[in-house]
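J.: My structure is stored as structure.txt, with compact mmCIF, C-alpha atoms and all ligand atoms.
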# COMPACT_ATOMS: atom_id res chain seq x y z
CA MET A 25 14.32 -6.60 27.99
CA ASP A 26 17.07 -9.25 28.23
CA LEU A 27 16.70 -12.71 26.73
CA LYS A 28 15.98 -14.52 30.00
CA SER A 29 13.24 -12.09 31.04
CA SER A 30 11.75 -12.18 27.51
CA ILE A 31 11.47 -15.97 27.62
CA GLN A 32 9.94 -15.77 31.11
CA ALA A 33 7.44 -13.09 30.04
CA LEU A 34 6.38 -15.11 26.97
CA THR A 35 6.01 -18.27 29.08
CA ASN A 36 3.83 -16.35 31.54
CA ALA A 37 1.68 -14.91 28.75
CA LEU A 38 1.24 -18.38 27.25
CA GLN A 39 -0.10 -19.71 30.56
CA SER A 40 -3.38 -17.93 29.81
CA PHE A 41 -3.63 -19.44 26.33
CA PRO A 42 -5.79 -21.07 25.02
CA LYS A 43 -7.99 -20.64 28.13
CA THR A 44 -8.19 -16.92 27.44
CA VAL A 45 -8.60 -16.28 23.76
CA SER A 46 -9.56 -12.66 24.05
CA GLU A 47 -7.99 -10.17 21.67
CA THR A 48 -6.13 -8.67 24.62
CA ALA A 49 -4.62 -12.05 25.52
CA ARG A 50 -3.60 -12.64 21.91
CA PHE A 51 -1.99 -9.20 21.71
CA GLU A 52 -0.17 -9.87 24.97
CA ILE A 53 1.34 -13.09 23.60
CA ILE A 54 2.26 -11.47 20.27
CA SER A 55 3.89 -8.62 22.16
CA LYS A 56 5.95 -10.98 24.36
CA ALA A 57 6.89 -13.10 21.33
CA LYS A 58 8.11 -9.95 19.55
CA ASP A 59 10.10 -8.96 22.65
CA LEU A 60 11.76 -12.37 22.56
CA ILE A 61 12.60 -12.13 18.85
CA PHE A 62 13.98 -8.63 19.39
CA ALA A 63 16.14 -9.80 22.29
CA LEU A 64 17.45 -12.69 20.14
CA GLN A 65 18.32 -10.53 17.14
CA SER A 66 21.65 -8.89 16.50
CA PRO A 67 21.43 -5.37 15.05
CA GLU A 68 22.27 -6.83 11.62
CA GLN A 69 19.53 -9.46 11.92
CA HIS A 70 17.00 -6.83 12.88
CA VAL A 71 17.98 -4.66 9.93
CA LEU A 72 17.58 -7.67 7.64
CA GLN A 73 14.14 -8.33 9.11
CA VAL A 74 13.11 -4.72 8.50
CA SER A 75 14.37 -5.11 4.93
CA ALA A 76 12.36 -8.31 4.52
CA ASN A 77 9.22 -6.53 5.82
CA THR A 78 9.70 -3.74 3.31
CA MET A 79 10.37 -6.17 0.46
CA GLU A 80 7.38 -8.22 1.55
CA LEU A 81 5.14 -5.23 0.95
CA VAL A 82 6.47 -4.92 -2.58
CA ALA A 83 6.37 -8.67 -3.17
CA ILE A 84 2.74 -8.94 -2.05
CA ARG A 85 1.77 -6.06 -4.29
CA THR A 86 3.53 -7.81 -7.17
CA VAL A 87 1.92 -11.23 -6.69
CA MET A 88 -1.46 -9.52 -6.34
CA ARG A 89 -0.88 -7.76 -9.63
CA MET A 90 0.28 -10.97 -11.32
CA GLY A 91 -2.84 -12.84 -10.20
CA VAL A 92 -0.83 -15.43 -8.27
CA LEU A 93 -3.05 -15.32 -5.20
CA GLU A 94 -6.08 -16.23 -7.30
CA VAL A 95 -4.57 -19.47 -8.58
CA LEU A 96 -2.73 -20.50 -5.43
CA PRO A 97 -4.42 -23.56 -3.86
CA LYS A 98 -6.17 -22.93 -0.57
CA GLU A 99 -5.29 -26.28 1.00
CA LYS A 100 -1.98 -28.05 1.51
CA ASP A 101 -3.12 -31.28 -0.15
CA GLU A 102 -3.81 -29.33 -3.36
CA ALA A 103 -0.41 -27.57 -3.35
CA LEU A 104 1.06 -26.83 -6.80
CA GLU A 105 4.53 -26.84 -8.24
CA LEU A 106 6.10 -23.60 -9.37
CA GLN A 107 5.96 -24.62 -13.01
CA VAL A 108 2.20 -25.25 -12.82
CA LEU A 109 1.64 -21.90 -11.13
CA ALA A 110 3.70 -20.22 -13.84
CA GLU A 111 1.60 -21.87 -16.56
CA LYS A 112 -1.66 -20.94 -14.86
CA THR A 113 -0.71 -17.29 -14.49
CA GLY A 114 1.45 -16.80 -17.56
CA VAL A 115 4.14 -15.40 -15.29
CA GLN A 116 7.79 -16.29 -15.76
CA GLU A 117 8.89 -18.80 -13.08
CA SER A 118 11.81 -16.67 -11.97
CA LEU A 119 9.43 -13.84 -11.13
CA PHE A 120 7.72 -15.81 -8.40
CA LEU A 121 8.78 -14.28 -5.18
CA ARG A 122 10.19 -16.82 -2.82
CA LEU A 123 10.71 -14.14 -0.23
CA LEU A 124 7.04 -14.59 0.59
CA VAL A 125 7.72 -18.14 1.73
CA GLY A 126 10.44 -16.80 4.03
CA THR A 127 8.02 -14.28 5.53
CA ARG A 128 5.40 -17.08 5.84
CA PHE A 129 2.89 -15.17 3.68
CA ILE A 130 2.85 -18.13 1.24
CA GLN A 131 3.38 -21.75 2.29
CA GLN A 132 5.77 -24.18 0.61
CA ASP A 133 6.27 -27.86 1.45
CA SER A 134 9.52 -29.81 1.37
CA ALA A 135 8.74 -30.98 -2.20
CA GLY A 136 8.63 -27.34 -3.29
CA LYS A 137 4.86 -27.08 -3.80
CA TYR A 138 3.01 -23.89 -2.88
CA TRP A 139 -0.30 -23.09 -1.23
CA HIS A 140 -1.97 -20.27 0.69
CA SER A 141 -1.28 -19.36 4.31
CA HIS A 142 -4.26 -18.17 6.35
CA VAL A 143 -3.00 -14.61 5.81
CA SER A 144 -2.54 -14.77 2.04
CA LYS A 145 -5.94 -16.48 1.79
CA GLY A 146 -7.47 -13.65 3.79
CA SER A 147 -5.73 -11.16 1.51
CA ALA A 148 -7.25 -12.57 -1.66
CA ASP A 149 -10.87 -13.24 -0.80
CA GLY A 150 -12.24 -9.81 -1.67
CA GLY A 151 -12.51 -9.12 2.03
CA ASN A 152 -11.15 -6.56 4.41
CA ALA A 153 -7.47 -7.49 4.45
CA GLU A 154 -7.31 -7.36 0.65
CA ALA A 155 -9.13 -4.02 0.64
CA TRP A 156 -6.69 -2.62 3.19
CA PHE A 157 -3.66 -3.76 1.18
CA LYS A 158 -4.99 -2.54 -2.14
CA GLY A 159 -7.03 0.48 -1.20
CA VAL A 160 -5.04 2.08 1.56
CA VAL A 161 -1.49 0.76 1.68
CA TYR A 162 -0.81 0.34 -2.02
CA ASP A 163 -3.04 2.79 -3.84
CA VAL A 164 -2.57 5.74 -1.52
CA VAL A 165 -0.06 5.39 1.25
CA MET A 166 2.87 3.72 -0.49
CA ASP A 167 2.89 6.19 -3.36
CA GLY A 168 3.82 9.12 -1.16
CA PHE A 169 5.18 7.40 1.88
CA PHE A 170 8.39 5.99 0.47
CA LEU A 171 9.22 9.36 -1.07
CA TYR A 172 8.71 11.24 2.20
CA PRO A 173 12.27 11.00 3.59
CA THR A 174 13.82 11.67 0.17
CA ALA A 175 12.06 13.48 -2.68
CA TYR A 176 9.60 15.24 -0.35
CA LEU A 177 11.99 16.32 2.40
CA ASP A 178 14.62 17.31 -0.20
CA THR A 179 12.29 20.00 -1.43
CA HIS A 180 10.13 20.88 1.60
CA PRO A 181 10.92 22.26 5.06
CA LEU A 182 11.63 19.89 7.95
CA GLU A 183 8.22 20.54 9.44
CA GLU A 184 5.07 18.46 9.66
CA PRO A 185 3.15 18.87 6.40
CA SER A 186 0.28 21.23 7.20
CA ASP A 187 -1.32 22.07 3.86
CA PRO A 188 -3.51 19.25 2.46
CA SER A 189 -2.50 20.26 -1.05
CA VAL A 190 1.26 20.11 -0.39
CA THR A 191 1.84 16.64 0.96
CA PRO A 192 4.03 13.60 0.27
CA VAL A 193 1.19 12.01 -1.69
CA THR A 194 0.32 15.06 -3.84
CA CYS A 195 4.08 15.45 -4.43
CA ALA A 196 4.27 11.79 -5.55
CA TRP A 197 1.27 12.23 -7.84
CA ASN A 198 2.71 15.45 -9.27
CA LYS A 199 -0.39 17.30 -8.13
CA GLU A 200 0.98 19.76 -5.62
CA GLY A 201 -1.43 22.61 -5.05
CA ASP A 202 -4.42 20.30 -5.38
CA ASN A 203 -6.16 18.86 -2.29
CA SER A 204 -5.19 15.20 -1.97
CA TRP A 205 -8.79 14.06 -1.29
CA GLN A 206 -10.07 15.86 -4.36
CA VAL A 207 -7.27 14.44 -6.49
CA LEU A 208 -8.10 10.96 -5.26
CA ALA A 209 -11.84 11.29 -5.81
CA ARG A 210 -11.65 13.20 -9.10
CA ASP A 211 -8.61 11.70 -10.86
CA HIS A 212 -8.50 8.22 -9.37
CA PRO A 213 -12.10 7.12 -8.76
CA ASN A 214 -11.12 3.45 -8.64
CA LYS A 215 -8.42 4.14 -6.09
CA MET A 216 -10.98 6.08 -4.05
CA LEU A 217 -13.41 3.18 -4.25
CA ASN A 218 -10.68 0.81 -3.05
CA PHE A 219 -9.68 3.31 -0.38
CA GLN A 220 -13.21 3.38 1.03
CA ARG A 221 -13.23 -0.42 1.03
CA GLY A 222 -9.96 -0.28 2.96
CA MET A 223 -11.58 2.14 5.38
CA ALA A 224 -14.43 -0.33 5.77
CA MET A 225 -11.83 -2.84 6.96
CA LEU A 226 -11.11 -0.53 9.86
CA VAL A 227 -14.71 -0.97 10.93
CA ASP A 228 -13.58 -4.48 11.93
CA ALA A 229 -10.05 -3.64 13.09
CA ALA A 230 -11.17 -0.61 15.06
CA PRO A 231 -14.93 -1.13 15.48
CA VAL A 232 -17.22 1.88 15.71
CA THR A 233 -19.82 -0.19 17.55
CA GLY A 234 -19.69 -2.01 20.85
CA VAL A 235 -18.40 0.88 22.91
CA TYR A 236 -20.67 3.91 22.59
CA ASP A 237 -24.37 3.01 22.83
CA PHE A 238 -25.83 4.66 19.71
CA SER A 239 -29.31 3.42 20.71
CA GLN A 240 -29.42 6.03 23.47
CA LEU A 241 -29.74 8.64 20.70
CA VAL A 242 -33.31 7.46 20.04
CA LYS A 243 -34.28 6.42 23.58
CA ILE A 244 -35.63 9.78 24.64
CA GLU A 245 -37.51 10.84 21.54
CA VAL A 246 -38.90 14.31 21.09
CA GLU A 247 -39.00 15.89 17.64
CA LYS A 248 -39.51 13.35 14.87
CA GLU A 249 -38.13 15.66 12.23
CA ARG A 250 -34.78 15.84 13.95
CA MET A 251 -31.87 14.01 12.32
CA VAL A 252 -30.40 11.35 14.62
CA LEU A 253 -26.95 10.74 13.16
CA VAL A 254 -24.95 12.75 10.61
CA ASP A 255 -21.71 11.10 9.48
CA VAL A 256 -19.47 13.95 8.32
CA GLY A 257 -16.95 12.78 5.70
CA GLY A 258 -18.60 9.37 5.94
CA GLY A 259 -17.07 8.01 2.72
CA SER A 260 -19.23 5.31 1.19
CA GLY A 261 -21.32 4.94 4.32
CA GLN A 262 -19.25 2.12 5.84
CA CYS A 263 -19.59 3.39 9.41
CA VAL A 264 -23.30 4.16 9.36
CA GLU A 265 -23.89 0.77 7.77
CA ALA A 266 -22.10 -0.94 10.70
CA ILE A 267 -23.85 1.27 13.28
CA LEU A 268 -27.35 0.63 11.88
CA LYS A 269 -26.67 -3.09 11.67
CA ALA A 270 -25.79 -3.10 15.37
CA HIS A 271 -28.64 -0.73 16.30
CA PRO A 272 -31.69 -1.60 14.15
CA ASP A 273 -33.83 0.60 16.44
CA ILE A 274 -32.31 3.71 14.81
CA PRO A 275 -34.37 4.66 11.73
CA ALA A 276 -32.10 4.75 8.66
CA GLU A 277 -34.08 7.62 7.13
CA ARG A 278 -33.01 9.82 10.05
CA CYS A 279 -29.35 9.12 9.44
CA MET A 280 -27.18 10.80 6.85
CA VAL A 281 -23.82 10.26 5.19
CA GLN A 282 -22.07 13.39 3.95
CA ASP A 283 -19.01 13.45 1.72
CA LEU A 284 -17.64 14.96 -1.47
CA GLY A 285 -19.70 14.29 -4.60
CA HIS A 286 -17.34 11.85 -6.30
CA THR A 287 -17.02 9.76 -3.15
CA LEU A 288 -20.72 9.74 -2.40
CA GLU A 289 -21.27 8.34 -5.88
CA HIS A 290 -20.02 4.96 -4.60
CA ALA A 291 -22.55 5.08 -1.79
CA ARG A 292 -25.34 5.84 -4.28
CA HIS A 293 -24.62 2.55 -6.05
CA SER A 294 -24.16 0.51 -2.90
CA GLU A 295 -26.26 -2.61 -2.57
CA THR A 296 -25.54 -3.02 1.11
CA LEU A 297 -26.39 0.39 2.58
CA PRO A 298 -29.68 0.40 4.52
CA ARG A 299 -32.73 1.61 2.60
CA GLY A 300 -33.77 5.14 3.36
CA LEU A 301 -30.33 6.27 4.52
CA GLN A 302 -29.84 9.86 3.40
CA LEU A 303 -26.82 10.85 1.33
CA LEU A 304 -25.82 14.47 1.03
CA GLU A 305 -22.97 16.00 -0.92
CA HIS A 306 -21.40 18.35 1.58
CA ASP A 307 -17.99 19.96 1.85
CA PHE A 308 -17.04 20.15 5.52
CA TRP A 309 -15.12 23.41 5.00
CA THR A 310 -18.50 25.06 4.48
CA PRO A 311 -21.28 25.56 7.09
CA GLN A 312 -23.01 22.36 8.19
CA PRO A 313 -26.52 22.40 6.63
CA ILE A 314 -28.09 19.91 9.07
CA VAL A 315 -29.04 21.83 12.17
CA HIS A 316 -29.61 20.34 15.66
CA ALA A 317 -28.96 16.71 14.79
CA LYS A 318 -28.79 14.52 17.87
CA ALA A 319 -25.33 13.32 16.94
CA TYR A 320 -22.66 14.36 14.48
CA PHE A 321 -20.12 11.66 13.84
CA MET A 322 -16.61 11.89 12.39
CA ARG A 323 -14.37 8.90 11.98
CA TRP A 324 -10.75 9.38 10.90
CA ILE A 325 -11.49 12.94 9.73
CA ILE A 326 -9.75 15.17 12.26
CA HIS A 327 -6.55 13.12 12.02
CA ASP A 328 -6.24 14.17 8.36
CA TYR A 329 -5.53 17.80 9.31
CA VAL A 330 -3.29 20.00 11.43
CA ASP A 331 -4.82 21.89 14.35
CA SER A 332 -5.86 25.12 12.60
CA LEU A 333 -7.80 23.23 9.91
CA SER A 334 -9.28 20.71 12.35
CA VAL A 335 -10.68 23.57 14.42
CA LYS A 336 -12.44 24.92 11.32
CA ILE A 337 -14.22 21.60 10.75
CA LEU A 338 -15.15 21.37 14.42
CA LYS A 339 -16.45 24.95 14.49
CA ASN A 340 -18.68 24.27 11.48
CA THR A 341 -20.26 21.45 13.49
CA ALA A 342 -20.40 23.24 16.85
CA ALA A 343 -22.24 26.13 15.17
CA VAL A 344 -25.29 23.94 14.45
CA MET A 345 -25.31 21.74 17.56
CA ALA A 346 -28.19 21.98 20.04
CA ARG A 347 -27.49 21.88 23.77
CA ASP A 348 -28.34 18.17 23.77
CA SER A 349 -26.45 17.35 20.56
CA VAL A 350 -23.28 15.30 20.79
CA LEU A 351 -20.25 15.21 18.56
CA LEU A 352 -18.76 11.73 18.33
CA ILE A 353 -15.19 11.67 17.09
CA HIS A 354 -13.75 8.25 16.42
CA GLU A 355 -9.96 8.32 16.26
CA ALA A 356 -6.91 6.49 17.54
CA ILE A 357 -5.73 8.28 20.67
CA VAL A 358 -1.95 8.26 20.96
CA PRO A 359 -0.91 6.93 24.37
CA GLU A 360 2.21 8.12 26.19
CA ARG A 361 3.92 4.88 25.18
CA LEU A 362 2.85 2.71 22.23
CA SER A 363 2.20 -0.96 22.89
CA GLU A 364 1.10 -3.89 20.75
CA THR A 365 -2.56 -3.11 21.44
CA THR A 366 -2.26 0.60 20.65
CA MET A 367 0.00 0.15 17.64
CA ILE A 368 -2.81 1.28 15.34
CA ALA A 369 -2.25 4.84 16.63
CA GLY A 370 1.39 4.68 15.51
CA ILE A 371 0.48 3.15 12.14
CA MET A 372 -2.21 5.75 11.47
CA ASP A 373 0.07 8.56 12.58
CA MET A 374 2.56 7.61 9.86
CA PHE A 375 -0.20 7.03 7.31
CA VAL A 376 -1.82 10.41 7.75
CA LEU A 377 1.51 12.19 7.62
CA ASN A 378 1.12 11.41 3.94
CA CYS A 379 -1.84 13.76 3.63
CA ALA A 380 -0.66 16.39 6.15
CA GLY A 381 -2.48 14.93 9.13
CA LYS A 382 -1.52 13.55 12.53
CA GLU A 383 -2.82 11.43 15.40
CA ARG A 384 -3.32 13.12 18.76
CA THR A 385 -3.15 12.48 22.46
CA LYS A 386 -6.18 13.17 24.70
CA LYS A 387 -4.67 16.54 25.52
CA GLY A 388 -4.28 17.24 21.80
CA PHE A 389 -8.01 16.69 21.25
CA GLU A 390 -9.01 18.70 24.30
CA VAL A 391 -7.07 21.72 23.02
CA LEU A 392 -8.78 21.48 19.62
CA LEU A 393 -12.26 21.06 21.07
CA GLU A 394 -11.84 23.99 23.42
CA GLN A 395 -10.97 26.27 20.48
CA ALA A 396 -14.19 25.17 18.77
CA GLY A 397 -16.34 25.85 21.86
CA LEU A 398 -16.68 22.16 22.73
CA VAL A 399 -15.70 20.00 25.67
CA VAL A 400 -15.14 16.27 26.13
CA ARG A 401 -17.98 14.59 28.02
CA LYS A 402 -16.52 11.09 27.88
CA TYR A 403 -13.87 8.95 26.21
CA TRP A 404 -15.46 5.65 25.19
CA GLN A 405 -12.67 3.16 24.84
CA ARG A 406 -12.60 -0.55 24.16
CA GLU A 407 -10.04 -2.41 26.25
CA GLY A 408 -6.89 -3.23 24.35
CA THR A 409 -7.13 -0.72 21.50
CA ALA A 410 -6.21 2.89 20.85
CA ALA A 411 -9.39 3.43 18.83
CA THR A 412 -11.57 5.72 20.93
CA MET A 413 -14.95 7.40 20.62
CA ILE A 414 -14.67 10.92 21.97
CA GLU A 415 -18.07 12.24 23.03
CA ALA A 416 -18.05 16.03 23.01
CA VAL A 417 -20.78 18.58 23.76
CA LEU A 418 -21.08 22.34 23.63
CA ALA A 419 -18.96 23.94 26.37
C1 LIG B 501 -9.93 8.93 6.08
S1 LIG B 501 -11.39 8.99 5.15
C2 LIG B 501 -12.58 8.51 6.38
C3 LIG B 501 -13.85 7.98 5.78
C4 LIG B 501 -14.88 7.47 6.81
N1 LIG B 501 -15.22 8.50 7.78
C5 LIG B 501 -14.37 6.25 7.51
O1 LIG B 501 -13.89 6.36 8.66
O2 LIG B 501 -14.41 5.15 6.94
C6 LIG B 501 -11.69 10.74 4.99
C7 LIG B 501 -12.98 11.06 4.26
O3 LIG B 501 -13.13 12.50 4.23
C8 LIG B 501 -13.69 12.83 2.98
N2 LIG B 501 -13.42 14.24 2.69
C9 LIG B 501 -12.26 14.82 2.38
N3 LIG B 501 -12.41 16.14 2.20
C10 LIG B 501 -13.73 16.40 2.42
C11 LIG B 501 -14.50 17.59 2.40
N4 LIG B 501 -13.95 18.76 2.12
N5 LIG B 501 -15.82 17.51 2.70
C12 LIG B 501 -16.39 16.31 2.99
N6 LIG B 501 -15.70 15.14 3.03
C13 LIG B 501 -14.38 15.19 2.74
C14 LIG B 501 -12.99 11.88 2.02
O4 LIG B 501 -13.67 11.81 0.77
C15 LIG B 501 -13.00 10.59 2.82
O5 LIG B 501 -14.17 9.86 2.58
Go ahead and render the structure in this file as structure tokens.

T.:
Amino acid sequence: MDLKSSIQALTNALQSFPKTVSETARFEIISKAKDLIFALQSPEQHVLQVSANTMELVAIRTVMRMGVLEVLPKEKDEALELQVLAEKTGVQESLFLRLLVGTRFIQQDSAGKYWHSHVSKGSADGGNAEAWFKGVVYDVVMDGFFLYPTAYLDTHPLEEPSDPSVTPVTCAWNKEGDNSWQVLARDHPNKMLNFQRGMAMLVDAAPVTGVYDFSQLVKIEVEKERMVLVDVGGGSGQCVEAILKAHPDIPAERCMVQDLGHTLEHARHSETLPRGLQLLEHDFWTPQPIVHAKAYFMRWIIHDYVDSLSVKILKNTAAVMARDSVLLIHEAIVPERLSETTMIAGIMDMFVLNCAGKERTKKGFEVLLEQAGLVVRKYWQREGTAATMIEAVLA
């Protein structure tokens, strides 16, 4: 888009703001603003911006490690000088990363005093943004990701990684031949805990509720002994927790979270999971032990594997489904052309490359489901996001 049309498009998008403060409207404005910046940039300026983004990732990780975000004042009128921050953290002044002022992550006034931006504040409050940074981006993704185009591709074929034990991240951890999830759970329990917290952040960024009506699973009730919802590879129970909060009519004791033993351990010690929720150590490469549940649920599971392995997981579920059971797969569907609102599909696609996975188009899912004897009944999609609930039933 040329400069003139970019300015016009941004002006048009702004007309609806602040009257329309929907997520879609915000995304639209961000998208047009990015178009304008892109049109304004020379190739060199864009390359410098990409460099700054990359350095920002490293700089944020560093200030998090140095404890700077904990001592940084929250409000402008409490802003502190560099020297004071250095004394409070015991970090050498020259190590403070001014780049983060340039990227706006940290604020600095004309007198040189520093305080939090709304983003850095939100990345240091023990909440979702911090969990995403620490648990997903830093502890897992970055380790393998930056080595992918170099150390990994130097020694592996130019093909999508397909074996979960031979991936950029197992290569980075020097654990090739060992399944990346098992390495994470067994050798890095704290990283796994942080990872699950990061996954919980996605419950907000790509909500599992608000699209598919989980309450319908208990509307027509027949057999009381039947399990209502089985979350396969459910991590620490973050999804079921959100679902039961939104649908208190679903009895927690008829819902189950399944995952590997080490991971489930975190769920066992959770203080927030609903009482009565069942936890079962289960390896999804083996037959599903819970027969005829009303719904089997998988969020961000299938995207971790190539087609042949994904079909195995799906077949294990299809084998125990009743005619009225549903399989709910929550994933980011890759559209024909990525936009600001569907960017999460692109981000996740790169992330899961790290562990030999990939995001898929609708067609990609339909092919998989067909091989497992399943068929899509409906795509439940929230406007303005790629995150989709695929409702599948026996073919
Ligand atoms: C990307 S995470 C998704 C977690 C959760 N479903 C969510 O969306 O927040 C993948 C999950 O699969 C689990 N997992 C990996 N291999 C597994 C296996 N063989 N059997 C059961 N769970 C497994 C991991 O421990 C992890 O919790």

J.: Applying 8 Å and all atoms listed in the file, which residues near A:Lys382 remain after dropping the ones on its own chain fewer than 5 positions away? List them as JSON, numbers by chain.

T.: {"A": [327, 328, 329, 330, 372, 373, 374, 376, 377]}

J.: Each residue of chain A lying at most 7 Å from ligand LIG 501 (chain B) should get a row with its shortest atom-to-atom pair and the distance in Å to one decimal, counting all atoms listed in the file; could you produce that, ordered by chain and increasing number, as a Markdown table?

T.:
| residue | atom | partner | partner_atom | distance |
| --- | --- | --- | --- | --- |
| A:Trp205 | CA | B:LIG501 | C9 | 5.1 |
| A:Gln206 | CA | B:LIG501 | N3 | 7.0 |
| A:Ala209 | CA | B:LIG501 | O4 | 6.8 |
| A:Gln220 | CA | B:LIG501 | O2 | 6.3 |
| A:Met223 | CA | B:LIG501 | O2 | 4.4 |
| A:Ala224 | CA | B:LIG501 | O2 | 5.6 |
| A:Val256 | CA | B:LIG501 | C12 | 6.6 |
| A:Gly257 | CA | B:LIG501 | N6 | 3.8 |
| A:Gly258 | CA | B:LIG501 | N1 | 3.9 |
| A:Gly259 | CA | B:LIG501 | O5 | 3.4 |
| A:Ser260 | CA | B:LIG501 | O5 | 6.9 |
| A:Gln262 | CA | B:LIG501 | O2 | 5.8 |
| A:Cys263 | CA | B:LIG501 | O2 | 6.0 |
| A:Gln282 | CA | B:LIG501 | C12 | 6.5 |
| A:Asp283 | CA | B:LIG501 | N6 | 3.9 |
| A:Leu284 | CA | B:LIG501 | C12 | 4.8 |
| A:Thr287 | CA | B:LIG501 | O4 | 5.5 |
| A:His306 | CA | B:LIG501 | C12 | 5.6 |
| A:Asp307 | CA | B:LIG501 | N5 | 3.4 |
| A:Phe308 | CA | B:LIG501 | N5 | 4.1 |
| A:Trp309 | CA | B:LIG501 | N4 | 5.6 |
| A:Met322 | CA | B:LIG501 | N1 | 5.9 |
| A:Arg323 | CA | B:LIG501 | O1 | 4.2 |
| A:Trp324 | CA | B:LIG501 | O1 | 4.9 |
| A:Ile325 | CA | B:LIG501 | C6 | 5.2 |
| A:Asp328 | CA | B:LIG501 | C1 | 6.8 |

J.: Atom CA of A:Asn378 to atom CA of A:Gly408: how many Å, to one decimal?

T.: 26.4 Å

J.: I need every residue sitting at most 12 Å from the point (-29.4, 21.7, 23.3) (coordinates as in the file, only C-alpha atoms considered), written as a PDB file with C-alpha atoms, in the coordinates of the input.

T.:
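Generated output (result_16.pdb):
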ATOM      1  CA  VAL A 315     -29.040  21.830  12.170  1.00  0.00           C
ATOM      2  CA  HIS A 316     -29.610  20.340  15.660  1.00  0.00           C
ATOM      3  CA  ALA A 317     -28.960  16.710  14.790  1.00  0.00           C
ATOM      4  CA  LYS A 318     -28.790  14.520  17.870  1.00  0.00           C
ATOM      5  CA  ALA A 319     -25.330  13.320  16.940  1.00  0.00           C
ATOM      6  CA  ALA A 342     -20.400  23.240  16.850  1.00  0.00           C
ATOM      7  CA  ALA A 343     -22.240  26.130  15.170  1.00  0.00           C
ATOM      8  CA  VAL A 344     -25.290  23.940  14.450  1.00  0.00           C
ATOM      9  CA  MET A 345     -25.310  21.740  17.560  1.00  0.00           C
ATOM     10  CA  ALA A 346     -28.190  21.980  20.040  1.00  0.00           C
ATOM     11  CA  ARG A 347     -27.490  21.880  23.770  1.00  0.00           C
ATOM     12  CA  ASP A 348     -28.340  18.170  23.770  1.00  0.00           C
ATOM     13  CA  SER A 349     -26.450  17.350  20.560  1.00  0.00           C
ATOM     14  CA  VAL A 350     -23.280  15.300  20.790  1.00  0.00           C
ATOM     15  CA  VAL A 417     -20.780  18.580  23.760  1.00  0.00           C
ATOM     16  CA  LEU A 418     -21.080  22.340  23.630  1.00  0.00           C
ATOM     17  CA  ALA A 419     -18.960  23.940  26.370  1.00  0.00           C
TER      18      ALA A 419
END

J.: What lies within 9 Å of A:Met90 using all atoms listed in the file, ignoring chain neighbours under 6 positions off, as a PyMOL selection string?

T.: chain A and resi 113-115

J.: Just write the chosen residues, C-alpha atoms, as a PDB file, keeping the file's coordinate frame.

T.:
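Writing the result to result.pdb gives the following:
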ATOM      1  CA  THR A 113      -0.710 -17.290 -14.490  1.00  0.00           C
ATOM      2  CA  GLY A 114       1.450 -16.800 -17.560  1.00  0.00           C
ATOM      3  CA  VAL A 115       4.140 -15.400 -15.290  1.00  0.00           C
TER       4      VAL A 115
END

J.: So how far away is atom CA of A:Leu351 from atom CA of A:Gly381, in Å?

T.: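 Going from atom CA of A:Gly381 over to atom CA of A:Leu351 covers 20.1 Å.
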
J.: Quick one: distance from atom CA of A:Val125 to atom CA of A:Ile53 in Å, one decimal?

T.: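 These two atoms are separated by 23.3 Å.
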
J.: Can you pull out every residue within 10 Å of A:Thr409, counting only C-alpha atoms, but drop anything in the same chain fewer than 2 positions away, and send it as a list of chain:residue names?

T.: A:Glu47, A:Thr48, A:Phe51, A:Ala229, A:Ala230, A:Pro231, A:Ala356, A:Ile357, A:Ser363, A:Glu364, A:Thr365, A:Thr366, A:Met367, A:Ile368, A:Ala369, A:Gln405, A:Arg406, A:Glu407, A:Ala411, A:Thr412

J.: Closest to A:Ile414 among A:Asn340, A:Glu249, A:Leu333, A:Tyr236, using all atoms listed in the file?

T.: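 Using all atoms listed in the file, the shortest distance to A:Ile414 belongs to A:Tyr236.
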
J.: So that I can see what lies close to A:Lys402, please list as a list in words the residues with an atom at most 9 Å from it, counting only C-alpha atoms and leaving out residues fewer than 4 positions away in the same chain.

T.: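 Listing them by chain and then by number gives Met413, Ile414, Glu415 and Ala416 of chain A.
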
J.: Find the spatial neighbours of stretch 73-81 of chain A, counting all atoms listed in the file, within a cut-off of 12 Å - ignore same-chain residues fewer than 2 positions away - and output them as a ChimeraX atom specification.

T.: /A:61-62,65-71,83-88,121-130,144,157-158,161-162,165-166,170

J.: Hey, which of A:Phe321, A:Thr385, A:Lys269, A:Gln312 ends up closest to A:Thr341? Count all atoms listed in the file.

T.: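 Using all atoms listed in the file, A:Thr341 sits closest to A:Gln312.
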
J.: Which is closest to A:Pro188 among A:Val207, A:Ala175, A:Leu93, A:Val391, if we use only C-alpha atoms?

T.: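 When distances to A:Pro188 are compared using only C-alpha atoms, the smallest one comes from A:Val207.
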